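Asker: What follows is a single structure, and I will ask about it in a moment.
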Amino acid sequence: MFTKSFIPHKGYWSSPFSRWQGTLQNIHSIELGAATARRFLSLRGYTPEIFDGIVLGMTVGQKKVFHAAPWFCAQMGNDKIAGPLVSQACATSAACIYTAATRIETDAYKCILATSSDRCSN
């Protein structure tokens, strides 16, 4: 089905699951997700400018969710991109990958960031 899209080797990461009721209870998941993305890219010698779009996944809405994708991008270091916020209970990450791949396949984007940032794990 998809012939143009792929996830490059070592082009993926996951932050550890943690209890949001503990030390992270006052941290917004978008702020944590953007900081994690920025750190991941830096460790591999990439800059956020490599992306021309984003698909952001979030299942549990939080304060400022209306501006979630552009806010995430600005904090990550690329305020020139935007994209949809995807929410699909129990399959948000899979829906993000599918949405991003579809946009690559249709030549809407060349290099898109598919990421999820949520407060679901306990």
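Residue numbering restarts at 1 for every chain of the structure tokens, chains are lettered A, B, ... in their displayed order, and ligands are numbered from 1 as they appear.
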Would you pick out the contacts of Thr115 (chain A) at 8 Å or less, using only C-alpha atoms, so that residues sharing its chain but fewer than 2 positions from it are not included, and give the list as a ChimeraX atom specification?

Answerer: /A:54-57,93,96,113,117

Asker: Any chance you can output those residues with N, CA, C and O atoms as an mmCIF file, in the first residue's frame?

Answerer:
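Written file, selection.cif:
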```cif
data_model
loop_
_atom_site.group_PDB
_atom_site.id
_atom_site.type_symbol
_atom_site.label_atom_id
_atom_site.label_comp_id
_atom_site.auth_asym_id
_atom_site.auth_seq_id
_atom_site.Cartn_x
_atom_site.Cartn_y
_atom_site.Cartn_z
ATOM 1 N N ILE A 54 4.019 17.874 10.529
ATOM 2 C CA ILE A 54 3.891 17.086 11.754
ATOM 3 C C ILE A 54 2.501 16.469 11.820
ATOM 4 O O ILE A 54 1.536 17.040 11.298
ATOM 5 N N VAL A 55 2.422 15.303 12.415
ATOM 6 C CA VAL A 55 1.161 14.716 12.851
ATOM 7 C C VAL A 55 1.351 14.474 14.337
ATOM 8 O O VAL A 55 2.262 13.743 14.736
ATOM 9 N N LEU A 56 0.538 15.113 15.156
ATOM 10 C CA LEU A 56 0.655 15.001 16.609
ATOM 11 C C LEU A 56 -0.514 14.204 17.148
ATOM 12 O O LEU A 56 -1.666 14.490 16.830
ATOM 13 N N GLY A 57 -0.220 13.211 17.946
ATOM 14 C CA GLY A 57 -1.258 12.404 18.558
ATOM 15 C C GLY A 57 -1.429 12.739 20.025
ATOM 16 O O GLY A 57 -0.458 12.933 20.746
ATOM 17 N N SER A 93 -1.114 6.317 18.315
ATOM 18 C CA SER A 93 0.197 6.257 17.659
ATOM 19 C C SER A 93 0.097 5.611 16.285
ATOM 20 O O SER A 93 0.699 6.093 15.321
ATOM 21 N N CYS A 96 -1.392 8.028 13.921
ATOM 22 C CA CYS A 96 -0.416 9.067 13.545
ATOM 23 C C CYS A 96 0.507 8.565 12.440
ATOM 24 O O CYS A 96 0.765 9.282 11.469
ATOM 25 N N LEU A 113 7.142 14.608 10.804
ATOM 26 C CA LEU A 113 7.321 14.068 12.150
ATOM 27 C C LEU A 113 5.991 13.506 12.627
ATOM 28 O O LEU A 113 4.988 14.224 12.651
ATOM 29 N N SER A 117 1.971 12.587 22.256
ATOM 30 C CA SER A 117 2.298 13.165 23.552
ATOM 31 C C SER A 117 1.049 13.102 24.394
ATOM 32 O O SER A 117 0.071 13.772 24.097
#
```

Asker: Hey, what does DSSP flag as strand (DSSP E) within chain A? Can you give it to me as a list of chain:residue names?

Answerer: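 Selection result, strand (DSSP E) within chain A: A:Gly53, A:Ile54, A:Val55, A:Leu56, A:Gly57, A:Leu85, A:Val86, A:Ile112, A:Leu113, A:Ala114, A:Thr115, A:Ser116.
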
Asker: Store the residues picked out above, limited to C-alpha atoms, as a compact mmCIF listing (two decimals), in the first residue's frame.

Answerer:
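The file below, out15.txt, is the result:
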```txt
# COMPACT_ATOMS: atom_id res chain seq x y z
CA GLY A 53 5.09 18.79 8.60
CA ILE A 54 3.89 17.09 11.75
CA VAL A 55 1.16 14.72 12.85
CA LEU A 56 0.65 15.00 16.61
CA GLY A 57 -1.26 12.40 18.56
CA LEU A 85 -3.90 16.60 15.93
CA VAL A 86 -4.97 12.94 15.84
CA ILE A 112 7.07 14.56 8.40
CA LEU A 113 7.32 14.07 12.15
CA ALA A 114 4.79 11.61 13.57
CA THR A 115 4.70 11.94 17.34
CA SER A 116 2.37 11.36 20.25
```

Asker: Using only C-alpha atoms, which residues sit within 10 Å of Cys111 (chain A) once same-chain residues fewer than 5 positions away are excluded, as a ChimeraX atom specification?

Answerer: /A:5-6,49-54,100-101,103-104

Asker: Output the selection as a compact mmCIF listing (two decimals), in the first residue's frame - C-alpha atoms for each residue.

Answerer:
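Full text of selection-v1.txt as output:
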```txt
# COMPACT_ATOMS: atom_id res chain seq x y z
CA SER A 5 7.08 6.30 3.17
CA PHE A 6 9.35 4.67 5.72
CA GLU A 49 14.13 22.14 10.29
CA ILE A 50 14.37 18.78 8.48
CA PHE A 51 10.60 18.37 8.92
CA ASP A 52 8.10 20.03 6.64
CA GLY A 53 5.09 18.79 8.60
CA ILE A 54 3.89 17.09 11.75
CA ALA A 100 1.90 10.71 8.21
CA ALA A 101 2.53 7.91 5.69
CA ARG A 103 0.72 12.50 3.48
CA ILE A 104 4.10 11.27 2.25
```

Asker: What are the DSSP alpha helix (DSSP H) residues of chain A, as a count of residues only?

Answerer: 38

Asker: A:Val60, A:Ala74, A:Ser87, A:Trp13: which is nearest Ala37 (chain A), counting only C-alpha atoms?

Answerer: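 The answer is A:Trp13, which sits nearest to Ala37 (chain A).
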
Asker: For Thr36 (chain A), please output as a ChimeraX atom specification all residues within 10 Å (counting only C-alpha atoms; exclusion window: fewer than 4 positions along the same chain).

Answerer: /A:13-15,30-32,40-42,76

Asker: To one decimal place in Å, what is the distance between CA of Asp118 (chain A) and CA of Thr59 (chain A)?

Answerer: 6.4 Å

Asker: So, with only C-alpha atoms as the atoms that count, which of A:Trp71, A:Thr106, A:Cys120, A:Arg44 lies closest to Ala89 (chain A)?

Answerer: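 Closest to Ala89 (chain A) of all the choices is A:Cys120.
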
Asker: Please indicate the distance in Å from CA of Lys80 (chain A) to CA of Gly45 (chain A), rounded to one decimal place.

Answerer: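 About the pair CA of Lys80 (chain A) and CA of Gly45 (chain A): they are 19.9 Å apart.
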